[in-house]
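Listing of start_7.txt; format and content: compact mmCIF, C-alpha atoms.
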```
# COMPACT_ATOMS: atom_id res chain seq x y z
CA MET A 1 47.92 -23.53 -19.77
CA LYS A 2 48.17 -27.30 -20.24
CA SER A 3 45.45 -28.76 -22.39
CA VAL A 4 44.67 -31.36 -19.67
CA THR A 5 43.87 -28.54 -17.22
CA VAL A 6 41.70 -26.80 -19.79
CA TRP A 7 39.69 -29.97 -20.50
CA ALA A 8 39.36 -30.81 -16.82
CA GLY A 9 38.18 -27.26 -16.09
CA GLY A 10 35.65 -27.41 -18.94
CA ILE A 11 34.20 -30.71 -17.77
CA VAL A 12 33.94 -29.47 -14.16
CA LEU A 13 32.05 -26.38 -15.34
CA LEU A 14 29.69 -28.50 -17.47
CA VAL A 15 28.92 -30.82 -14.55
CA ALA A 16 28.39 -27.81 -12.27
CA ALA A 17 26.00 -26.25 -14.81
CA TRP A 18 24.04 -29.51 -15.03
CA GLY A 19 23.96 -29.66 -11.22
CA VAL A 20 22.45 -26.16 -11.03
CA THR A 21 19.64 -27.17 -13.38
CA GLN A 22 18.87 -30.16 -11.12
CA ILE A 23 18.18 -28.04 -8.03
CA PRO A 24 14.43 -27.48 -8.02
CA ALA A 25 13.73 -24.06 -6.56
CA GLY A 26 10.11 -25.00 -5.86
CA GLN A 27 7.15 -22.80 -5.05
CA ALA A 28 7.92 -22.90 -1.35
CA LEU A 29 11.22 -21.15 -1.99
CA THR A 30 10.24 -18.74 -4.75
CA GLU A 31 6.72 -17.73 -3.74
CA SER A 32 6.31 -18.20 -0.01
CA SER A 33 5.04 -15.30 2.08
CA PHE A 34 6.98 -13.50 4.77
CA VAL A 35 5.07 -14.70 7.82
CA GLN A 36 5.14 -12.84 11.12
CA SER A 37 3.67 -14.66 14.10
CA VAL A 38 2.20 -12.55 16.87
CA ASP A 39 0.55 -12.97 20.26
CA VAL A 40 -2.15 -10.81 21.80
CA GLY A 41 -0.70 -7.33 22.30
CA ASP A 42 2.21 -7.73 19.89
CA ARG A 43 2.57 -5.35 16.99
CA ALA A 44 3.58 -6.89 13.67
CA VAL A 45 4.88 -4.55 10.99
CA GLY A 46 4.67 -5.95 7.48
CA ARG A 47 5.37 -4.43 4.09
CA GLN A 48 2.20 -2.35 3.98
CA MET A 49 0.24 -3.07 7.12
CA ALA A 50 0.95 -2.94 10.86
CA VAL A 51 -1.34 -5.15 12.94
CA THR A 52 -1.85 -5.46 16.69
CA VAL A 53 -4.25 -8.13 17.96
CA THR A 54 -5.80 -6.70 21.11
CA ASP A 55 -8.27 -9.42 22.09
CA VAL A 56 -9.74 -12.71 20.92
CA ALA A 57 -12.98 -14.26 22.08
CA ALA A 58 -15.75 -16.62 21.04
CA ALA A 59 -19.49 -16.16 21.21
CA GLU A 60 -22.77 -17.90 20.42
CA ARG A 61 -24.21 -14.69 19.07
CA ILE A 62 -22.64 -11.48 17.82
CA SER A 63 -23.97 -8.05 16.99
CA ASP A 64 -22.46 -4.95 15.42
CA GLU A 65 -22.73 -1.19 15.80
CA VAL A 66 -25.66 -0.84 13.36
CA GLY A 67 -27.78 -3.40 15.18
CA TRP A 68 -27.19 -6.45 12.98
CA ALA A 69 -26.97 -9.71 14.97
CA ALA A 70 -26.72 -13.42 14.22
CA ASP A 71 -26.47 -16.69 16.11
CA GLY A 72 -23.69 -19.17 15.31
CA ALA A 73 -20.26 -20.27 16.40
CA TRP A 74 -18.26 -17.07 16.14
CA VAL A 75 -14.62 -16.30 16.79
CA VAL A 76 -14.06 -12.57 17.21
CA VAL A 77 -10.65 -10.93 16.96
CA ASP A 78 -10.21 -7.30 18.00
CA VAL A 79 -7.38 -5.61 16.13
CA SER A 80 -5.73 -2.27 15.66
CA VAL A 81 -4.38 -1.87 12.13
CA GLU A 82 -2.72 0.90 10.13
CA ALA A 83 -0.85 1.44 6.88
CA VAL A 84 2.91 1.52 7.26
CA ASN A 85 4.21 4.04 4.78
CA THR A 86 1.72 4.61 1.99
CA GLU A 87 -2.05 4.58 1.79
CA GLU A 88 -1.95 3.47 -1.85
CA GLY A 89 -3.45 -0.01 -1.98
CA ALA A 90 -3.41 -0.34 1.80
CA VAL A 91 -6.49 -2.27 2.89
CA LEU A 92 -7.12 -5.12 5.29
CA GLY A 93 -7.98 -7.20 2.27
CA LEU A 94 -8.22 -10.70 3.68
CA ALA A 95 -8.52 -12.39 7.05
CA THR A 96 -8.66 -16.18 7.18
CA LEU A 97 -8.92 -18.80 9.89
CA LEU A 98 -7.27 -22.17 9.24
CA ILE A 99 -8.32 -25.17 11.25
CA ASP A 100 -8.04 -28.91 10.53
CA GLY A 101 -6.89 -28.15 6.99
CA ASP A 102 -9.94 -26.00 6.21
CA THR A 103 -9.78 -22.28 5.59
CA TYR A 104 -12.60 -19.96 6.66
CA ARG A 105 -12.77 -16.41 5.39
CA ALA A 106 -13.77 -13.65 7.80
CA SER A 107 -17.48 -12.92 7.60
CA GLU A 108 -18.68 -10.01 5.47
CA ARG A 109 -22.01 -9.94 7.30
CA PRO A 110 -21.24 -7.65 10.25
CA VAL A 111 -19.72 -4.18 10.03
CA SER A 112 -16.05 -5.02 10.59
CA LEU A 113 -12.53 -4.06 9.61
CA LEU A 114 -12.53 -6.52 6.70
CA GLY A 115 -11.80 -4.74 3.42
CA LYS A 116 -11.39 -1.36 5.05
CA ALA A 117 -8.84 1.14 3.73
CA LEU A 118 -5.98 1.86 6.12
CA GLN A 119 -4.38 5.14 7.10
CA VAL A 120 -0.74 6.02 7.72
CA GLY A 121 -0.06 7.00 11.30
CA THR A 122 -3.72 6.72 12.35
CA PRO A 123 -4.56 3.20 13.53
CA LYS A 124 -8.03 1.89 12.86
CA THR A 125 -9.56 -0.27 15.57
CA GLY A 126 -12.40 -2.72 15.32
CA SER A 127 -13.17 -6.42 15.04
CA ILE A 128 -12.99 -9.27 12.58
CA ALA A 129 -15.48 -12.12 12.96
CA PHE A 130 -15.19 -15.71 11.75
CA GLU A 131 -18.23 -17.95 11.50
CA LEU A 132 -17.32 -21.59 12.16
CA PRO A 133 -19.39 -24.76 11.78
CA ALA A 134 -21.65 -25.35 14.76
CA GLY A 135 -19.99 -27.44 17.44
CA MET A 136 -16.42 -26.58 16.48
CA ARG A 137 -15.08 -25.83 19.94
CA ASP A 138 -11.61 -27.41 19.93
CA GLY A 139 -8.42 -27.38 17.97
CA THR A 140 -5.68 -24.97 17.11
CA ALA A 141 -6.68 -22.28 14.65
CA VAL A 142 -4.31 -20.05 12.70
CA ILE A 143 -5.67 -16.61 11.85
CA ARG A 144 -3.98 -14.74 9.02
CA PHE A 145 -4.19 -11.11 7.89
CA THR A 146 -3.06 -9.96 4.45
CA VAL A 147 -3.39 -6.80 2.38
CA SER A 148 -4.43 -8.46 -0.86
CA ASP A 149 -7.40 -10.81 -0.98
CA ARG A 150 -6.01 -12.58 -4.05
CA ASP A 151 -2.24 -12.73 -4.00
CA TRP A 152 0.01 -12.94 -0.96
CA ARG A 153 2.99 -14.60 -2.61
CA LEU A 154 6.21 -12.93 -1.45
CA ASP A 155 4.12 -10.50 0.61
CA SER A 156 3.89 -10.12 4.38
CA VAL A 157 1.35 -12.17 6.24
CA VAL A 158 0.55 -11.63 9.91
CA GLU A 159 -0.26 -14.88 11.68
CA PHE A 160 -1.92 -15.38 15.03
CA THR A 161 -2.45 -18.79 16.63
CA VAL A 162 -5.37 -19.43 18.94
CA ASP A 163 -6.47 -22.54 20.82
CA LEU A 164 -10.24 -22.69 20.41
CA GLY A 165 -10.57 -24.97 23.42
CA SER A 166 -9.08 -22.36 25.74
CA LEU A 167 -11.35 -19.52 24.57
CA ARG A 168 -14.09 -18.21 26.78
CA TRP A 169 -17.46 -18.69 25.05
CA ASP A 170 -19.78 -15.79 25.65
CA ASP A 171 -23.52 -15.93 25.07
CA GLU A 172 -23.39 -12.68 23.15
CA ARG A 173 -20.66 -10.28 22.11
CA GLU A 174 -20.85 -6.94 20.39
CA LEU A 175 -18.14 -6.29 17.82
CA ALA A 176 -15.88 -3.36 18.61
CA PRO A 177 -17.17 -0.33 16.67
CA LEU A 178 -14.89 0.96 13.92
CA ALA A 179 -12.82 3.87 15.19
CA GLY A 180 -9.67 5.76 14.35
CA GLY A 181 -8.24 6.27 10.89
CA GLY A 182 -10.44 8.08 8.39
CA VAL A 183 -12.99 9.10 11.07
CA MET B 1 49.41 -19.07 -15.22
CA SER B 2 50.57 -15.47 -15.64
CA ALA B 3 51.10 -16.08 -19.36
CA TRP B 4 47.46 -17.24 -19.63
CA TRP B 5 46.18 -14.11 -17.87
CA ARG B 6 48.35 -11.96 -20.10
CA SER B 7 47.30 -13.58 -23.34
CA ASN B 8 43.60 -13.35 -22.37
CA ARG B 9 43.72 -9.91 -20.84
CA ARG B 10 41.50 -8.33 -23.50
CA ALA B 11 38.80 -10.95 -23.11
CA LEU B 12 38.99 -10.59 -19.31
CA LEU B 13 38.72 -6.82 -19.54
CA ALA B 14 35.74 -7.21 -21.86
CA LEU B 15 34.11 -9.49 -19.26
CA VAL B 16 34.59 -6.89 -16.54
CA VAL B 17 32.70 -4.42 -18.70
CA VAL B 18 30.09 -6.69 -20.29
CA VAL B 19 28.88 -8.60 -17.19
CA PRO B 20 27.84 -5.53 -15.12
CA LEU B 21 26.49 -3.88 -18.27
CA THR B 22 24.26 -6.86 -19.04
CA ALA B 23 22.99 -7.00 -15.47
CA GLY B 24 22.38 -3.25 -15.55
CA VAL B 25 20.44 -3.40 -18.81
CA PHE B 26 18.18 -6.20 -17.55
CA LEU B 27 17.55 -4.60 -14.15
CA GLY B 28 17.00 -1.21 -15.77
CA TRP B 29 14.49 -2.66 -18.21
CA GLU B 30 12.56 -4.42 -15.44
CA TRP B 31 12.52 -1.15 -13.45
CA TRP B 32 11.38 0.86 -16.48
CA LYS B 33 8.52 -1.54 -17.26
CA VAL B 34 6.99 -0.60 -13.90
CA ALA B 35 8.20 2.99 -13.56
CA ARG B 36 6.91 4.29 -16.87
CA TYR B 37 3.31 3.85 -15.75
CA GLU B 38 3.93 5.27 -12.27
CA PRO B 39 4.57 8.84 -11.11
CA THR B 40 8.38 8.67 -11.28
CA PHE B 41 9.90 11.97 -12.45
CA PRO B 42 8.51 14.99 -10.56
CA THR B 43 8.33 18.55 -11.81
CA VAL B 44 8.82 20.32 -8.48
CA ALA B 45 7.52 23.73 -7.44
CA GLU B 46 9.04 24.95 -4.18
CA GLN B 47 6.86 26.43 -1.46
CA GLY B 48 4.87 29.43 -2.67
CA ARG B 49 5.78 28.81 -6.34
CA ALA B 50 3.75 27.56 -9.29
CA ALA B 51 4.74 24.87 -11.76
CA ASP B 52 3.96 24.67 -15.47
CA PHE B 53 3.38 21.10 -16.55
CA ALA B 54 1.68 19.85 -19.72
CA ASP B 55 0.48 23.39 -20.56
CA ILE B 56 -1.21 23.71 -17.16
CA THR B 57 -0.17 26.05 -14.37
CA PHE B 58 -0.42 24.40 -10.96
CA GLY B 59 -0.05 26.29 -7.70
CA PRO B 60 1.10 27.94 -5.61
CA ALA B 61 -0.45 25.32 -3.33
CA THR B 62 -1.29 25.84 0.32
CA ALA B 63 -1.94 23.47 3.22
CA THR B 64 -3.82 24.84 6.21
CA GLU B 65 -4.62 23.12 9.48
CA VAL B 66 -8.38 23.41 9.96
CA SER B 67 -11.20 22.03 12.05
CA LEU B 68 -14.21 20.77 10.13
CA LEU B 69 -17.69 21.51 11.34
CA GLY B 70 -19.31 18.42 12.81
CA VAL B 71 -16.32 16.15 12.20
CA THR B 72 -13.98 15.04 14.97
CA ALA B 73 -10.49 14.08 13.91
CA PRO B 74 -9.25 10.73 15.28
CA GLU B 75 -7.11 11.08 18.39
CA GLY B 76 -3.58 12.24 17.64
CA THR B 77 -4.43 13.56 14.19
CA LYS B 78 -5.31 16.84 12.50
CA PHE B 79 -7.06 17.97 9.33
CA LEU B 80 -5.07 19.63 6.57
CA TRP B 81 -6.95 21.53 3.88
CA VAL B 82 -4.90 21.48 0.69
CA ARG B 83 -5.76 24.03 -1.99
CA VAL B 84 -4.20 23.97 -5.46
CA PRO B 85 -5.03 26.75 -7.97
CA VAL B 86 -5.14 25.30 -11.49
CA ASP B 87 -5.11 27.20 -14.78
CA ARG B 88 -5.51 25.02 -17.83
CA HIS B 89 -5.31 27.96 -20.25
CA GLY B 90 -8.45 26.90 -22.07
CA ALA B 91 -7.64 23.20 -22.38
CA ALA B 92 -9.76 20.48 -20.73
CA THR B 93 -6.99 18.12 -19.63
CA GLY B 94 -8.00 15.85 -16.75
CA CYS B 95 -5.78 15.56 -13.69
CA THR B 96 -5.89 13.82 -10.34
CA LEU B 97 -4.51 14.83 -6.98
CA THR B 98 -3.03 11.50 -5.86
CA GLY B 99 -1.96 12.45 -2.36
CA LEU B 100 0.32 14.14 0.09
CA ARG B 101 3.88 12.94 0.57
CA GLU B 102 6.16 13.63 3.53
CA LEU B 103 9.40 14.96 2.04
CA GLY B 104 12.11 13.61 4.30
CA GLY B 105 11.55 11.65 7.50
CA GLN B 106 9.72 8.41 6.85
CA GLY B 107 8.42 9.54 3.45
CA ARG B 108 4.86 8.64 4.40
CA PHE B 109 2.09 9.06 1.80
CA TRP B 110 -1.53 10.00 2.55
CA ARG B 111 -4.56 9.77 0.28
CA ASP B 112 -7.15 12.50 0.39
CA GLU B 113 -10.19 12.03 2.63
CA SER B 114 -12.80 13.92 0.62
CA LYS B 115 -14.91 10.76 0.51
CA THR B 116 -14.67 9.91 4.21
CA VAL B 117 -15.27 13.32 5.79
CA ASP B 118 -18.30 15.51 5.15
CA TRP B 119 -16.84 17.44 2.22
CA ASP B 120 -18.77 19.86 0.04
CA TYR B 121 -19.45 17.96 -3.17
CA ARG B 122 -19.38 21.21 -5.18
CA ARG B 123 -15.66 21.63 -4.54
CA TYR B 124 -13.34 20.30 -7.20
CA THR B 125 -11.09 17.50 -5.97
CA ALA B 126 -9.63 16.81 -9.44
CA CYS B 127 -9.48 18.48 -12.87
CA PRO B 128 -12.77 17.51 -14.52
CA ASN B 129 -12.16 15.96 -17.90
CA ASP B 130 -14.95 17.97 -19.49
CA ARG B 131 -14.77 19.72 -22.84
CA ARG B 132 -17.63 22.16 -22.28
CA SER B 133 -16.08 25.57 -22.78
CA ASP B 134 -18.38 27.31 -20.31
CA LEU B 135 -17.43 25.06 -17.38
CA PHE B 136 -14.80 27.52 -16.19
CA PRO B 137 -15.67 30.86 -17.73
CA ARG B 138 -12.85 32.62 -15.90
CA GLY B 139 -10.30 29.98 -16.90
CA ALA B 140 -8.72 29.16 -13.57
CA PHE B 141 -10.23 27.19 -10.71
CA GLN B 142 -8.98 25.44 -7.64
CA ILE B 143 -8.78 21.93 -6.27
CA ASP B 144 -9.65 21.57 -2.58
CA VAL B 145 -9.07 18.33 -0.67
CA PRO B 146 -8.89 17.40 3.02
CA PHE B 147 -6.24 15.15 4.56
CA ILE B 148 -6.03 13.51 7.96
CA VAL B 149 -2.42 13.32 9.13
CA PRO B 150 -0.80 12.53 12.49
CA ASP B 151 -0.14 15.52 14.78
CA ASP B 152 3.63 15.16 14.39
CA VAL B 153 3.51 15.98 10.66
CA GLU B 154 5.00 19.42 10.10
CA GLY B 155 6.38 19.40 6.60
CA PRO B 156 7.63 20.11 4.10
CA LEU B 157 5.05 18.04 2.28
CA GLY B 158 4.60 17.39 -1.43
CA VAL B 159 1.15 17.69 -3.01
CA GLU B 160 1.27 15.29 -5.97
CA LEU B 161 -0.83 15.64 -9.13
CA VAL B 162 -0.90 13.25 -12.05
CA ILE B 163 -2.06 13.63 -15.65
CA PRO B 164 -2.44 10.08 -17.00
CA ASP B 165 -1.04 10.87 -20.46
CA GLU B 166 2.04 12.51 -18.99
CA LEU B 167 3.28 9.58 -16.90
CA PRO B 168 5.99 8.88 -15.77
CA GLY B 169 6.17 12.66 -15.27
CA TYR B 170 4.06 14.30 -12.55
CA VAL B 171 3.82 17.51 -10.51
CA ARG B 172 4.91 17.99 -6.93
CA LEU B 173 4.01 21.22 -5.16
CA VAL B 174 5.84 21.77 -1.87
CA VAL B 175 3.71 23.03 1.03
CA VAL B 176 4.43 23.66 4.70
CA PRO B 177 1.31 23.60 6.89
```
Using structure tokens, write down the structure that the file contains.
Amino acid sequence: MKSVTVWAGGIVLLVAAWGVTQIPAGQALTESSFVQSVDVGDRAVGRQMAVTVTDVAAAERISDEVGWAADGAWVVVDVSVEAVNTEEGAVLGLATLLIDGDTYRASERPVSLLGKALQVGTPKTGSIAFELPAGMRDGTAVIRFTVSDRDWRLDSVVEFTVDLGSLRWDDERELAPLAGGGV
Amino acid sequence: MSAWWRSNRRALLALVVVVPLTAGVFLGWEWWKVARYEPTFPTVAEQGRAADFADITFGPATATEVSLLGVTAPEGTKFLWVRVPVDRHGAATGCTLTGLRELGGQGRFWRDESKTVDWDYRRYTACPNDRRSDLFPRGAFQIDVPFIVPDDVEGPLGVELVIPDELPGYVRLVVVP
């Protein structure tokens, strides 16, 4: 092989190696979640959790199956959720509502599906409730469900978009009682 | 060009061996870092057989479809009562029944429901890590746990038991409800 070819090849490889180091992978590429967007009635199957949003509503006051009740600006999402293949570590760990750049965590106050362990092949049905600032009646909200409440990098996230302005505001709504998986 | 290939054939051959070997070593190491703390290598007892593992005799295990008094199974599901005879031969090694695995099909894995259904607290759902010699005067005892599985589950199923010090090894007892 001619020495000119060898040198040229070496230099090309060096430049290529430098070029590779200049490509920033970035968090968005290396850590982003696998997002599945759903509508009411769609079933999203993620890595560990299958979610079906069955209804979404808003209310001035909500109550739960044990008689707890509170006034406020509530968004209530009824869901059916189950573990996909294994019950190890399968919980509905986190539900958030994003609106105008702010993130609201689902309320722990009522009896709801939040934090509940999930079963394989036996869907659990119930509600998730979000308490919003009083007067927040408009805007597009993105509701997300994940298994882990701390780390959803490279994990599946189920996303559901809702227009608050188009929701029907009830005076009072009772959260769907927990039923299904695990009795 | 052919002269270059010929004169470098040993180095090229070495590359063919070394590159996959390096990748294999790194991937294998990453796998092992996780797998050695997980139930990875089962000691299997076929249906109706017992398994000796870490000086303990497990099985033969049974799974029986039952109805529980005062508890209604969710629609489309059934209760399975899993019973595993355990003989520790005088030792007090602790063990845990981690769950029930579908062997074949989708390979689904269920955790036991002894905390969610009304289950007699006096039944053993694990090997108690207790050194009192009079705890089991007759030596052997049995682990009893309930499972809720979909109606379509027929088996064979694997009852999986783990002894923390023995990981990545574990016991799998095959049952057919």
Inset, instruction - To one decimal in Å, tell me the separation between CA of Thr21 in chain A and CA of Gly9 in chain A. - result: 18.7 Å
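When all atoms listed in the file are used to compute distances to chain A, the closest of the residues B:Gly107, B:Pro156, B:Pro42, B:Pro128 turns out to be B:Gly107.
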Inset, instruction - Quick one: pull the distance between CA of Phe58 in chain B and CA of Pro164 in chain B, Å, one decimal. - result: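 Between CA of Phe58 in chain B and CA of Pro164 in chain B the gap works out to 15.7 Å.
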Please find the residues of chain A near chain B - the criterion being any atom within 6 Å, counting only C-alpha atoms - and write them as a PDB file with C-alpha atoms, keeping the file's coordinate frame.
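File out33.pdb, as written:
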```pdb
ATOM      1  CA  ASN A  85       4.210   4.040   4.780  1.00  0.00           C
ATOM      2  CA  THR A  86       1.720   4.610   1.990  1.00  0.00           C
ATOM      3  CA  GLU A  87      -2.050   4.580   1.790  1.00  0.00           C
ATOM      4  CA  GLY A 121      -0.060   7.000  11.300  1.00  0.00           C
ATOM      5  CA  GLY A 180      -9.670   5.760  14.350  1.00  0.00           C
ATOM      6  CA  VAL A 183     -12.990   9.100  11.070  1.00  0.00           C
TER       7      VAL A 183
END
```
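A search radius of 7 Å centred on (-4.4, 26.4, -14.1), applied to all atoms listed in the file, returns the residues B:Ile56, B:Thr57, B:Phe58, B:Pro85, B:Val86, B:Asp87, B:Arg88, B:His89, B:Ala140, B:Phe141.
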Inset, instruction - For Val158 in chain A, work out the shell of residues within 6 Å, counting only C-alpha atoms and skipping chain neighbours fewer than 3 positions away, then give it as an NGL selection string. - result: :A and (35-36 or 144-145)
Inset, instruction - Would you list the contacts of Phe130 in chain A as a PyMOL selection string, taking every protein, DNA or RNA residue within 7 Å and counting all atoms listed in the file, but skipping same-chain residues closer than 4 positions in sequence? - result: chain A and resi 74-76+105-107
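Residues of protein, DNA or RNA having at least one counted atom within 7 Å of (3.5, -15.6, -0.8), given only C-alpha atoms, are Glu31, Ser32, Ser33, Phe34, Trp152, Arg153, Leu154 and Asp155 of chain A.
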Inset, instruction - Rounded to one decimal place, report the CA of Gly72 in chain A-CA of Thr54 in chain A distance in Å. - result: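 The value is 22.6 Å.
Neighbouring residues of Gly169 in chain B at 8 Å or closer, counting only C-alpha atoms and skipping chain neighbours under 5 positions away, are Pro39, Thr40, Phe41, Pro42, Thr43 and Val162 of chain B.
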Find the smallest box with edges along x, y and z containing every listed atom of range 81-93 of chain A, then add 6 Å on each side and report centre and edge lengths in Å to one decimal, as JSON.
```
{"center_x": -1.9, "center_y": -1.3, "center_z": 5.1, "size_x": 24.2, "size_y": 23.8, "size_z": 26.1}
```
Inset, instruction - Name the closest residue to Val111 in chain A among the candidates A:Ala141, A:Ala58, A:Ala179, A:Val157; distances are taken between atoms, counting all atoms listed in the file. - result: A:Ala179
Contacts of Cys127 in chain B at 8 Å or less, counting all atoms listed in the file, minus same-chain residues fewer than 3 places along, as a compact mmCIF listing (two decimals) with C-alpha atoms, keeping the file's coordinate frame?
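Wrote it out as result21.txt, contents follow:
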```txt
# COMPACT_ATOMS: atom_id res chain seq x y z
CA THR B 93 -6.99 18.12 -19.63
CA GLY B 94 -8.00 15.85 -16.75
CA CYS B 95 -5.78 15.56 -13.69
CA THR B 96 -5.89 13.82 -10.34
CA TYR B 124 -13.34 20.30 -7.20
CA ILE B 143 -8.78 21.93 -6.27
```
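Residues lying within 6 Å of Val77 in chain A, counting all atoms listed in the file and ignoring same-chain neighbours fewer than 6 positions away, are A:Asp55, A:Val56, A:Ser127, A:Ile128.
Nearest-residue note for Thr122 in chain A: choosing from A:Asp163, A:Glu172, A:Glu65, A:Glu82, the minimum distance belongs to A:Glu82, counting all atoms listed in the file.
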